[in-house]
Every structure is written in structure tokens, then in C-alpha cells.
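Chemist: After the C-alpha cells below, expect a handful of questions from me.
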Amino acid sequence: MLEVAFNTNVVSIESDHVMLTGPEGEFKLANEQVYMFAGGELPTQFLQKSGIEIQKRFGYTVKSHKRVG
């Protein structure tokens, strides 16, 4: 199932859920996979320093979260 949450900001991304905040306040959204659309240019160095692994598949960039520490 795909659920889209417009007009929200990510508070945190965990292994089984994402905490979001929106017009109605903060809420938890269960997840198996998270797609992030951050516009313009991918901030590759920032994401890698944050523990996000950057991979390319079929010409698209694929990110997978790996906890640091």
C-alpha cells in the first residue's frame, strides 16, 4: 500500500515507522520503505555523512539507510 502525506515534515525515520508533523500535528506512519523527494539536486555528501548509502540502479539513485554507530 502506498500512502502519500502532503504538507508534512519528517521528524524522524525509524526501521518500522516515520514520525511526521503536519497541519494536524505530529503522527506516526508505519513503513517498509521511504521515498524522499527533496527537489533539485541530491545532497549526496550530506546524505552519506548521515549514514545514507547511495546506489544507482537503472539510471536512478537509490538510497538505503544504514545506522551509524
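Residue names in the C-alpha cells use chain letters A, B, ... in the order shown, residue numbers from 1 in each chain, and ligand numbers from 1 in the order shown.
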Could you give me, as a ChimeraX atom specification, the residues within 9 Å of segment 18-23 of chain A, counting only C-alpha atoms and dropping anything in the same chain fewer than 6 positions from it?
Modeler: /A:5-12,29-31,34
Chemist: To one decimal place in Å, what is the distance between atom CA of His17 of chain A and atom CA of Lys49 of chain A?
Modeler: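 Between these atoms lies a distance of 21.9 Å.
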Chemist: Work out how far atom CA of Glu32 of chain A is from atom CA of Met1 of chain A, in Å to one decimal.
Modeler: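 Distance between the two atoms: 9.9 Å.
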